$ cat work-v7.cif   # mmCIF, C-alpha atoms and all ligand atoms
data_final
loop_
_atom_site.label_atom_id
_atom_site.label_comp_id
_atom_site.auth_asym_id
_atom_site.auth_seq_id
_atom_site.Cartn_x
_atom_site.Cartn_y
_atom_site.Cartn_z
CA MET I 1310 162.37 49.19 176.89
CA SER I 1311 159.34 48.04 178.86
CA GLN I 1312 156.17 46.88 177.16
CA PRO I 1313 152.99 48.95 177.50
CA SER I 1314 150.95 47.83 180.48
CA ILE I 1315 147.73 47.39 178.48
CA VAL I 1316 147.76 45.86 175.02
CA ARG I 1317 144.40 45.59 173.30
CA THR I 1318 143.53 44.99 169.73
CA ASN I 1319 139.98 46.34 169.89
CA THR I 1320 140.66 49.89 171.10
CA ALA I 1321 138.93 51.48 168.11
CA GLU I 1322 135.77 49.45 168.82
CA LEU I 1323 135.88 50.38 172.51
CA TYR I 1324 136.06 54.09 171.64
CA ASP I 1325 133.22 53.65 169.17
CA ALA I 1326 131.05 51.95 171.74
CA TYR I 1327 131.84 53.76 174.98
CA VAL I 1328 133.69 57.10 174.61
CA MET I 1329 131.74 60.33 174.06
CA LYS I 1330 131.98 61.60 170.54
CA ASN I 1331 133.19 65.14 171.19
CA TYR I 1332 136.48 64.65 169.31
CA ALA I 1333 137.24 63.85 165.68
CA ARG I 1334 140.17 61.62 166.62
CA ALA I 1335 142.90 60.46 164.27
CA PRO I 1336 142.69 56.72 163.49
CA LEU I 1337 145.73 55.99 165.57
CA THR I 1338 146.21 54.19 168.89
CA LEU I 1339 149.35 55.24 170.71
CA VAL I 1340 150.85 52.91 173.27
CA ARG I 1341 154.35 54.12 174.11
CA GLY I 1342 156.51 57.24 174.02
CA GLN I 1343 160.17 58.03 174.43
CA GLY I 1344 161.71 61.44 173.88
CA VAL I 1345 160.42 62.99 170.66
CA SER I 1346 158.88 59.70 169.43
CA VAL I 1347 155.65 57.82 170.07
CA TRP I 1348 154.70 54.33 168.88
CA ASP I 1349 151.33 53.00 167.78
CA ASP I 1350 149.83 49.59 168.54
CA THR I 1351 151.35 48.11 165.38
CA GLY I 1352 154.85 49.14 166.48
CA ARG I 1353 155.15 52.03 164.05
CA GLU I 1354 157.16 55.07 165.23
CA TYR I 1355 156.05 58.68 164.78
CA LEU I 1356 157.90 61.93 165.36
CA ASP I 1357 155.62 63.73 167.81
CA PHE I 1358 155.41 67.40 166.85
CA THR I 1359 152.19 67.79 168.82
CA SER I 1360 153.74 67.16 172.25
CA GLY I 1361 150.19 66.34 173.37
CA VAL I 1362 149.29 69.87 172.30
CA ALA I 1363 152.29 71.71 173.74
CA VAL I 1364 152.32 69.63 176.92
CA ALA I 1365 155.29 67.24 176.76
CA ALA I 1366 157.99 69.89 177.17
CA LEU I 1367 160.59 67.29 178.14
CA GLY I 1368 159.31 64.82 175.57
CA HIS I 1369 157.84 61.49 176.53
CA CYS I 1370 158.99 59.67 179.66
CA HIS I 1371 161.99 61.87 180.41
CA PRO I 1372 163.99 59.90 183.02
CA THR I 1373 164.31 62.80 185.50
CA TRP I 1374 160.58 63.45 185.37
CA VAL I 1375 159.61 59.77 185.58
CA GLU I 1376 161.90 59.30 188.58
CA ALA I 1377 160.48 62.40 190.33
CA ILE I 1378 156.94 61.08 189.93
CA ARG I 1379 157.92 57.56 191.02
CA ARG I 1380 159.65 58.83 194.13
CA GLN I 1381 156.85 61.24 195.08
CA ALA I 1382 154.15 58.61 194.44
CA GLY I 1383 155.77 56.41 197.08
CA GLU I 1384 156.08 59.28 199.57
CA LEU I 1385 152.94 61.45 199.47
CA ILE I 1386 150.56 61.98 196.57
CA HIS I 1387 147.79 64.21 197.87
CA VAL I 1388 147.02 66.22 201.01
CA SER I 1389 144.52 68.91 199.80
CA ASN I 1390 145.14 72.60 200.36
CA LEU I 1391 144.20 72.40 204.02
CA PHE I 1392 147.88 71.74 204.74
CA ARG I 1393 151.30 72.82 203.51
CA HIS I 1394 153.79 70.56 201.84
CA PRO I 1395 157.30 71.38 200.67
CA ASN I 1396 156.80 70.95 196.92
CA GLN I 1397 154.11 73.60 196.51
CA GLY I 1398 156.09 76.25 198.36
CA GLU I 1399 159.22 75.52 196.35
CA LEU I 1400 157.37 75.46 193.00
CA ALA I 1401 155.68 78.80 193.78
CA ARG I 1402 159.09 80.28 194.60
CA ARG I 1403 160.49 79.11 191.25
CA ILE I 1404 157.54 80.48 189.29
CA VAL I 1405 157.90 83.83 191.05
CA GLN I 1406 161.58 83.79 190.06
CA HIS I 1407 160.49 83.61 186.42
CA ALA I 1408 157.40 85.83 186.52
CA GLY I 1409 158.43 88.52 189.01
CA PRO I 1410 157.42 89.56 192.52
CA GLY I 1411 153.99 88.12 193.26
CA ARG I 1412 152.18 84.97 194.28
CA VAL I 1413 150.96 81.73 192.70
CA PHE I 1414 147.77 79.68 192.90
CA PHE I 1415 147.80 76.12 191.57
CA CYS I 1416 144.94 74.34 189.81
CA ASN I 1417 144.59 71.46 187.34
CA SER I 1418 144.19 72.75 183.79
CA GLY I 1419 144.44 75.71 181.47
CA THR I 1420 140.79 76.58 181.54
CA GLU I 1421 140.83 76.45 185.35
CA ALA I 1422 143.79 78.82 185.40
CA ASN I 1423 141.77 81.16 183.20
CA GLU I 1424 138.73 80.87 185.50
CA GLY I 1425 141.04 82.03 188.28
CA LEU I 1426 142.14 85.03 186.22
CA ILE I 1427 138.55 85.94 185.36
CA LYS I 1428 137.65 85.79 189.06
CA LEU I 1429 140.68 87.94 189.86
CA ALA I 1430 139.46 90.53 187.35
CA ARG I 1431 136.04 90.58 189.04
CA LEU I 1432 137.69 91.20 192.44
CA HIS I 1433 139.77 93.98 190.91
CA GLY I 1434 136.54 95.56 189.64
CA VAL I 1435 135.05 95.40 193.13
CA ARG I 1436 138.20 97.02 194.53
CA LYS I 1437 137.98 99.80 191.91
CA THR I 1438 134.37 100.77 192.53
CA GLY I 1439 133.80 99.51 196.06
CA GLU I 1440 130.71 97.78 194.74
CA GLU I 1441 129.88 94.36 193.34
CA GLY I 1442 128.46 93.87 189.85
CA LYS I 1443 129.55 97.25 188.47
CA CYS I 1444 133.01 96.94 187.00
CA TYR I 1445 133.26 93.44 185.56
CA LYS I 1446 133.92 93.66 181.84
CA ILE I 1447 136.88 91.93 180.22
CA ILE I 1448 138.23 92.67 176.77
CA CYS I 1449 139.65 89.69 174.86
CA ALA I 1450 140.81 89.14 171.28
CA LYS I 1451 138.99 87.81 168.27
CA GLN I 1452 140.02 84.23 167.36
CA ALA I 1453 141.07 83.72 170.99
CA PHE I 1454 140.94 80.39 172.77
CA HIS I 1455 140.76 80.34 176.55
CA GLY I 1456 139.18 76.98 177.32
CA ARG I 1457 135.88 75.15 177.75
CA THR I 1458 134.44 76.15 181.12
CA PHE I 1459 131.79 78.88 181.11
CA GLY I 1460 134.36 81.59 181.83
CA GLY I 1461 136.88 80.28 179.33
CA MET I 1462 134.22 79.69 176.68
CA SER I 1463 132.75 83.16 177.17
CA ALA I 1464 136.22 84.59 176.49
CA THR I 1465 136.47 82.46 173.33
CA PRO I 1466 134.49 84.11 170.52
CA GLN I 1467 134.23 81.10 168.24
CA GLU I 1468 130.89 79.82 167.05
CA LYS I 1469 131.98 76.17 167.11
CA ILE I 1470 132.88 76.48 170.80
CA GLN I 1471 129.97 78.64 172.04
CA LYS I 1472 127.16 77.14 169.96
CA GLY I 1473 124.50 75.46 172.06
CA PHE I 1474 125.79 76.76 175.39
CA ARG I 1475 124.33 80.25 175.56
CA PRO I 1476 123.63 82.25 177.66
CA LEU I 1477 127.31 82.75 178.43
CA VAL I 1478 128.98 84.77 181.17
CA PRO I 1479 128.24 88.45 180.46
CA GLY I 1480 130.79 91.22 180.03
CA PHE I 1481 133.20 89.90 177.41
CA SER I 1482 134.00 91.95 174.31
CA PHE I 1483 136.56 91.37 171.58
CA GLY I 1484 139.15 93.55 169.86
CA GLU I 1485 141.29 92.77 166.83
CA LEU I 1486 144.62 91.19 167.71
CA ASN I 1487 147.48 93.66 167.20
CA ASN I 1488 145.07 96.55 166.67
CA LEU I 1489 145.46 98.68 169.80
CA GLN I 1490 142.78 101.17 168.81
CA SER I 1491 140.19 98.39 168.58
CA PHE I 1492 140.91 97.50 172.23
CA ALA I 1493 141.00 101.15 173.35
CA ASP I 1494 137.58 101.67 171.73
CA LEU I 1495 136.08 98.92 173.92
CA VAL I 1496 137.26 100.33 177.27
CA ASP I 1497 134.58 101.94 179.42
CA ALA I 1498 134.01 102.65 183.11
CA ASP I 1499 132.86 99.06 183.67
CA THR I 1500 136.03 97.48 182.28
CA ALA I 1501 138.15 95.53 184.77
CA ALA I 1502 140.75 93.79 182.60
CA ILE I 1503 142.26 92.97 179.25
CA PHE I 1504 142.86 89.26 178.79
CA ILE I 1505 144.73 87.83 175.80
CA GLU I 1506 146.97 85.00 174.67
CA THR I 1507 150.46 86.38 174.11
CA VAL I 1508 150.69 84.01 171.14
CA GLN I 1509 147.33 82.70 169.97
CA GLY I 1510 147.47 78.93 169.62
CA GLU I 1511 144.18 77.28 168.61
CA GLY I 1512 143.26 80.29 166.46
CA GLY I 1513 146.41 79.77 164.34
CA VAL I 1514 149.87 80.60 165.65
CA LEU I 1515 149.46 84.37 165.91
CA PRO I 1516 151.83 86.31 168.17
CA CYS I 1517 151.02 89.70 169.66
CA THR I 1518 153.52 92.24 168.38
CA ASP I 1519 155.77 93.86 170.98
CA GLU I 1520 154.31 97.22 170.05
CA PHE I 1521 150.77 95.96 170.67
CA LEU I 1522 151.74 94.56 174.08
CA TRP I 1523 153.35 97.85 175.07
CA GLY I 1524 150.22 99.67 173.92
CA LEU I 1525 147.98 97.38 176.01
CA ARG I 1526 150.24 97.89 179.02
CA LYS I 1527 149.86 101.65 178.71
CA LEU I 1528 146.10 101.39 178.15
CA CYS I 1529 145.74 99.24 181.29
CA ASP I 1530 147.82 101.70 183.34
CA GLN I 1531 145.74 104.66 182.11
CA HIS I 1532 142.41 103.02 183.03
CA ASN I 1533 143.46 100.90 186.02
CA LEU I 1534 142.76 97.62 184.21
CA LEU I 1535 144.50 94.32 184.85
CA LEU I 1536 146.62 93.10 181.95
CA MET I 1537 146.13 89.32 182.15
CA LEU I 1538 148.05 87.05 179.80
CA ASP I 1539 146.99 83.52 178.87
CA GLU I 1540 150.32 81.73 178.54
CA VAL I 1541 148.73 78.29 178.85
CA GLN I 1542 150.12 77.20 175.47
CA CYS I 1543 152.93 79.66 174.72
CA GLY I 1544 154.45 79.77 178.22
CA VAL I 1545 157.10 77.69 179.98
CA GLY I 1546 159.79 77.99 177.34
CA ARG I 1547 157.80 77.12 174.25
CA THR I 1548 158.62 80.30 172.29
CA GLY I 1549 162.25 80.53 173.40
CA ASP I 1550 161.52 82.80 176.37
CA PHE I 1551 160.23 81.40 179.64
CA TYR I 1552 157.03 83.40 179.08
CA ALA I 1553 156.26 84.57 175.56
CA PHE I 1554 155.50 88.12 176.77
CA GLN I 1555 159.06 88.45 178.06
CA HIS I 1556 160.16 88.81 174.43
CA SER I 1557 158.61 92.30 174.54
CA GLY I 1558 159.92 93.29 177.96
CA ILE I 1559 156.48 94.33 179.28
CA ARG I 1560 155.18 93.59 182.76
CA ALA I 1561 151.97 91.57 183.23
CA ASP I 1562 149.55 91.92 186.15
CA ALA I 1563 148.59 88.25 186.04
CA ILE I 1564 149.56 85.17 184.03
CA GLY I 1565 147.76 81.88 183.40
CA MET I 1566 149.83 78.79 182.60
CA ALA I 1567 149.27 75.05 182.31
CA LYS I 1568 150.07 72.73 179.38
CA GLY I 1569 153.88 72.43 179.51
CA ILE I 1570 154.33 73.20 183.19
CA ALA I 1571 154.23 69.62 184.47
CA ASN I 1572 154.97 67.77 181.19
CA GLY I 1573 151.63 65.95 181.12
CA PHE I 1574 150.80 65.57 184.75
CA PRO I 1575 147.65 67.75 184.91
CA MET I 1576 148.49 71.15 186.37
CA GLY I 1577 147.51 74.76 185.88
CA ALA I 1578 148.68 77.84 187.73
CA ILE I 1579 148.11 81.53 187.94
CA TRP I 1580 150.64 84.08 188.98
CA ALA I 1581 149.60 87.59 190.00
CA ALA I 1582 151.67 90.61 191.00
CA GLU I 1583 151.65 91.13 194.78
CA LYS I 1584 149.02 93.87 194.93
CA HIS I 1585 146.59 91.82 192.85
CA ALA I 1586 147.40 88.45 194.40
CA GLU I 1587 146.11 89.77 197.72
CA LEU I 1588 142.61 90.09 196.20
CA PHE I 1589 142.17 86.39 196.88
CA THR I 1590 141.49 85.90 200.59
CA PRO I 1591 140.67 82.71 202.52
CA GLY I 1592 137.55 81.16 201.02
CA SER I 1593 137.43 83.30 197.86
CA HIS I 1594 138.91 80.64 195.58
CA GLY I 1595 140.03 77.05 195.93
CA THR I 1596 140.58 73.57 194.56
CA THR I 1597 140.73 70.07 195.98
CA PHE I 1598 143.45 68.65 193.74
CA GLY I 1599 145.41 71.75 192.72
CA GLY I 1600 149.08 71.91 193.64
CA SER I 1601 149.31 68.39 195.03
CA PRO I 1602 152.70 67.03 196.12
CA LEU I 1603 152.71 64.79 193.04
CA ALA I 1604 151.77 67.49 190.51
CA CYS I 1605 154.32 69.88 192.03
CA ALA I 1606 157.03 67.20 191.94
CA ALA I 1607 156.33 66.73 188.23
CA ALA I 1608 156.54 70.48 187.59
CA LEU I 1609 159.71 70.87 189.67
CA ALA I 1610 161.33 68.16 187.54
CA VAL I 1611 160.36 70.11 184.41
CA LEU I 1612 161.89 73.34 185.74
CA ASP I 1613 165.01 71.45 186.86
CA VAL I 1614 165.61 69.99 183.41
CA LEU I 1615 164.81 73.25 181.60
CA ALA I 1616 167.45 75.01 183.70
CA LYS I 1617 170.07 72.24 183.78
CA ASP I 1618 169.95 71.60 180.03
CA ASN I 1619 169.55 75.26 179.11
CA LEU I 1620 166.52 74.28 177.06
CA VAL I 1621 164.79 77.64 176.73
CA GLU I 1622 167.84 79.17 175.10
CA LYS I 1623 168.22 76.14 172.82
CA VAL I 1624 164.59 76.49 171.76
CA ARG I 1625 165.27 80.12 170.89
CA THR I 1626 168.33 79.47 168.73
CA ASN I 1627 167.20 76.17 167.16
CA GLY I 1628 163.76 77.63 166.56
CA ALA I 1629 165.13 80.70 164.77
CA ALA I 1630 167.24 78.55 162.39
CA TRP I 1631 164.34 76.14 161.84
CA LYS I 1632 161.96 78.96 160.93
CA ILE I 1633 164.36 80.08 158.19
CA GLU I 1634 164.31 76.52 156.80
CA LEU I 1635 160.52 76.37 156.97
CA GLU I 1636 160.17 79.74 155.26
CA LYS I 1637 161.84 78.17 152.21
CA LEU I 1638 158.68 76.05 151.87
CA VAL I 1639 156.76 79.22 150.99
CA ILE I 1640 159.10 79.75 148.04
CA ASP I 1641 159.32 76.08 146.99
CA PHE I 1642 155.62 75.22 147.43
CA PRO I 1643 153.74 78.50 146.90
CA GLN I 1644 150.58 76.65 145.81
CA GLN I 1645 150.36 74.99 149.23
CA VAL I 1646 152.18 77.11 151.81
CA LYS I 1647 151.24 80.73 152.35
CA THR I 1648 153.42 81.79 155.26
CA VAL I 1649 155.14 80.65 158.46
CA THR I 1650 154.26 82.21 161.83
CA GLY I 1651 155.38 81.98 165.45
CA ARG I 1652 158.75 81.53 167.07
CA GLY I 1653 160.76 79.04 169.07
CA TYR I 1654 159.01 75.65 169.05
CA MET I 1655 155.56 77.13 168.45
CA ILE I 1656 155.40 77.42 164.70
CA GLY I 1657 152.42 77.79 162.40
CA LEU I 1658 152.60 76.59 158.82
CA VAL I 1659 149.83 78.59 157.17
CA LEU I 1660 148.48 76.71 154.16
CA GLN I 1661 146.56 78.04 151.19
CA SER I 1662 143.62 75.73 151.98
CA ASP I 1663 142.14 73.44 154.64
CA PRO I 1664 145.02 71.81 156.57
CA VAL I 1665 143.15 68.61 157.53
CA PRO I 1666 144.31 66.53 154.52
CA CYS I 1667 147.91 67.69 155.02
CA VAL I 1668 147.85 66.81 158.75
CA ALA I 1669 146.64 63.31 157.76
CA ALA I 1670 149.30 62.96 155.03
CA LEU I 1671 152.04 64.04 157.44
CA ARG I 1672 150.78 61.51 159.99
CA GLU I 1673 150.88 58.76 157.38
CA ALA I 1674 154.44 59.85 156.58
CA GLY I 1675 155.41 59.55 160.26
CA LEU I 1676 155.03 63.11 161.59
CA LEU I 1677 152.31 64.11 164.07
CA THR I 1678 151.17 67.74 163.89
CA VAL I 1679 148.11 69.71 165.06
CA GLY I 1680 145.66 71.66 162.91
CA ALA I 1681 144.65 75.16 163.98
CA GLY I 1682 142.49 78.05 162.83
CA GLY I 1683 143.29 80.15 159.78
CA ASN I 1684 144.26 77.09 157.65
CA SER I 1685 147.36 76.54 159.73
CA ILE I 1686 149.24 73.50 160.97
CA ARG I 1687 150.91 73.81 164.35
CA LEU I 1688 154.39 72.39 164.77
CA LEU I 1689 154.93 71.93 168.51
CA PRO I 1690 157.95 69.69 169.08
CA PRO I 1691 158.99 68.84 172.64
CA LEU I 1692 161.48 71.42 173.94
CA ILE I 1693 164.14 68.68 174.05
CA ALA I 1694 163.96 68.28 170.24
CA THR I 1695 167.38 68.76 168.67
CA LYS I 1696 168.30 70.28 165.32
CA GLU I 1697 168.31 66.71 163.92
CA HIS I 1698 164.70 66.16 164.97
CA LEU I 1699 163.68 69.48 163.42
CA ASP I 1700 165.51 68.59 160.19
CA ARG I 1701 163.79 65.20 160.04
CA ALA I 1702 160.41 66.88 160.40
CA THR I 1703 161.23 69.45 157.71
CA ALA I 1704 162.28 66.64 155.35
CA ILE I 1705 158.98 64.80 155.92
CA ILE I 1706 157.02 68.01 155.29
CA ARG I 1707 158.98 68.56 152.05
CA THR I 1708 158.27 65.03 150.87
CA VAL I 1709 154.55 65.35 151.58
CA LEU I 1710 154.24 68.80 149.97
CA GLY I 1711 156.29 67.66 146.95
CA ARG I 1712 153.90 64.84 146.08
CA PRO I 1713 151.73 65.34 143.04
CA THR I 1714 148.19 66.17 144.15
C1 LIG C 1 144.78 74.64 175.83
C2 LIG C 1 144.49 76.04 176.17
C3 LIG C 1 143.56 76.36 177.16
C4 LIG C 1 142.73 75.31 177.88
O1 LIG C 1 143.51 74.45 178.61
P1 LIG C 1 142.88 73.07 179.15
O2 LIG C 1 143.98 72.49 179.99
O3 LIG C 1 142.53 72.27 177.96
O4 LIG C 1 141.70 73.44 179.95
C5 LIG C 1 143.40 77.70 177.49
N1 LIG C 1 144.10 78.66 176.87
C6 LIG C 1 144.99 78.39 175.90
C7 LIG C 1 145.76 79.50 175.27
C8 LIG C 1 145.21 77.07 175.51
O5 LIG C 1 146.07 76.80 174.53
#

$ encode --input "work-v7.cif" --output "C-alpha cells"
Amino acid sequence: MSQPSIVRTNTAELYDAYVMKNYARAPLTLVRGQGVSVWDDTGREYLDFTSGVAVAALGHCHPTWVEAIRRQAGELIHVSNLFRHPNQGELARRIVQHAGPGRVFFCNSGTEANEGLIKLARLHGVRKTGEEGKCYKIICAKQAFHGRTFGGMSATPQEKIQKGFRPLVPGFSFGELNNLQSFADLVDADTAAIFIETVQGEGGVLPCTDEFLWGLRKLCDQHNLLLMLDEVQCGVGRTGDFYAFQHSGIRADAIGMAKGIANGFPMGAIWAAEKHAELFTPGSHGTTFGGSPLACAAALAVLDVLAKDNLVEKVRTNGAAWKIELEKLVIDFPQQVKTVTGRGYMIGLVLQSDPVPCVAALREAGLLTVGAGGNSIRLLPPLIATKEHLDRATAIIRTVLGRPT
C-alpha cells in the first residue's frame, strides 16, 4: 500500500494556528483510508462508521472509483456548463432511471442542491399566481437540517445554526415531523412547497413514516404545492432503497442529493419531475463547477459499483439484521441506550444522555461514529461494509457500554 503523500508531525499545531475554529474537531489526524478502515498518523487503524458523514458509499479508495478519477483526470477535468460532455448526460440519464421521468441539475454540495430546490419552489409560486413575491412560503420540519447557505440555514430551525445570521430568508415555517395536521395547519394561499428530509440526519436519525409521506403527498396535490425531499444524507442507497422515500412508494416532485453520490468527490444534484424541471430556463440558475467531467466520472463509478455488487439490496438485508442486534443493546444496557432508530446503514443509537463522551470512548476503542441531535449517535458505515464489519462495530459498542462508569 502506498504511503500518504504528505506526512507531518505538527498537524495539530497547524490547525491551531491557521484553520478557522468553526469545528470542534476530534483529536485525530487521518492520513490513509482503505475500504471500511482509516489510519491515523501514528499508524493506528479505525473502523470508519462515519463514512465522512455518509459520503464514502464505496468506502475509502475503492479501486473502480480511484481508476475512474485517474482516467478522467488525464482526459478532461473541467469544461464549465457552456458545453456538453458525455459524462453529465449519462449521469443524468442514470439518475432519472432511479428517480423517475424528469431532469437533473448538477451542483457541488448538499446545501447548494437545497438552494436549487428553494429556487424551484419560488418559480413554482410565480407559475401558480402569475406574479412574483406572492406565493413563496415553504414548510419544513422542526429539527431539520438543510445546510449552511442562507436558504439552507433558513430552512434549518436550530438556534445553534441560525444564531448571529439573522435576518434570514423569509417564508419558512416548521411543522412537527410525522404530524400531518401540523403541516396542514401551516398551508395558506402563499405556500409554494413542502420541503423535508425523508430521514432526518443531523437532528437524530428520524425517519418520516410512510403514512406521513402519503399524507404530505395528498396535501401537496390538494393545494398545488411541490413536495421536495432532501435526500442529501439518506439517498443513494444509504437506507437500503436507492432513495429513502421509495420505501413508502410515494412520488416526489423534486429531490436534492449530494453526500454519497460521488463517494467524496464534491457533487450535489437536484432532480425534478418534467413539468417542474422546465421552470428553470436559460439564465435562471447555474454553476461554474457543477457536473464537471471529473465529478460525473466519480459519480458514474459509484452507480456502477452499487449496481454491479448489488449493494443497495445488501444494505437492506444486512441493515435489518444489524438493527436487531443493536436493539439488544437497549435490553442489555438500559441505563445508557434508550432506543435504536433508522434503517439500512443509517442507524441512530439514541442514548439516555449526551452522546459526546460515548463517541469519544468509541473512537478510543477504534470505532468512528458521528454524534447527532436528540442524544443520538449516528452509525453510518460505508455501503460496502459486510456483516463482519457490522459485527465488529457492535462488539466494540458492547465493550464500551459494558465498562463501569
Ligand atoms: C449534509 C446535509 C446537507 C448539507 O450538505 P453540504 O454538502 O454540507 O452542504 C443538507 N441536507 C442534509 C439532509 C444533510 O445531511

$ residues_around --input "work-v7.cif" --residues "Val1362 in chain I" --least-positions-apart "3" --cutoff "10 Å" --atoms "all atoms listed in the file" --output "number ranges by chain"
I: 1357-1359, 1365-1366, 1510-1511, 1542, 1568-1569, 1573, 1678-1679, 1687-1691

$ residues_near_ligand --input "work-v7.cif" --ligand "ligand LIG 1 (chain C)" --cutoff "6 Å" --atoms "all atoms listed in the file" --output "PyMOL selection string"
chain I and resi 1418-1420+1454-1456+1506+1510+1539+1541-1542

$ closest_residue --input "work-v7.cif" --among "I:Thr1458, I:Leu1609, I:Phe1574, I:Asp1641" --to "Gly1711 in chain I" --atoms "only C-alpha atoms"
I:Asp1641

$ closest_residue --input "work-v7.cif" --among "I:Ser1601, I:Asn1423, I:Ser1360, I:Thr1626" --to "Arg1652 in chain I" --atoms "only C-alpha atoms"
I:Thr1626

$ closest_residue --input "work-v7.cif" --among "I:Arg1625, I:His1698, I:Arg1380, I:Arg1526" --to "Gly1344 in chain I" --atoms "all atoms listed in the file"
I:His1698

$ residues_around --input "work-v7.cif" --residues "Pro1395 in chain I" --least-positions-apart "3" --cutoff "8 Å" --atoms "all atoms listed in the file" --output "ChimeraX atom specification"
/I:1398-1399,1602

$ write_last_selection --input "work-v7.cif" --atoms "C-alpha atoms" --output "CSV table (one decimal), in the coordinates of the input"
chain,number,residue,atom,x,y,z
I,1398,GLY,CA,156.1,76.2,198.4
I,1399,GLU,CA,159.2,75.5,196.4
I,1602,PRO,CA,152.7,67.0,196.1

$ closest_residue --input "work-v7.cif" --among "I:Leu1528, I:Leu1515, I:Val1545, I:Leu1432" --to "Gly1683 in chain I" --atoms "all atoms listed in the file"
I:Leu1515

$ closest_residue --input "work-v7.cif" --among "I:Ser1662, I:Met1329, I:Val1649, I:Val1611" --to "Arg1403 in chain I" --atoms "all atoms listed in the file"
I:Val1611

$ residues_around --input "work-v7.cif" --residues "Leu1612 in chain I" --least-positions-apart "2" --cutoff "12 Å" --atoms "all atoms listed in the file" --output "number ranges by chain"
I: 1366-1367, 1373-1374, 1377, 1399-1404, 1406-1407, 1545-1546, 1551, 1569-1572, 1605-1610, 1614-1621, 1692

$ closest_residue --input "work-v7.cif" --among "I:Ile1706, I:Ala1321, I:Ile1579, I:Leu1588" --to "Val1646 in chain I" --atoms "only C-alpha atoms"
I:Ile1706
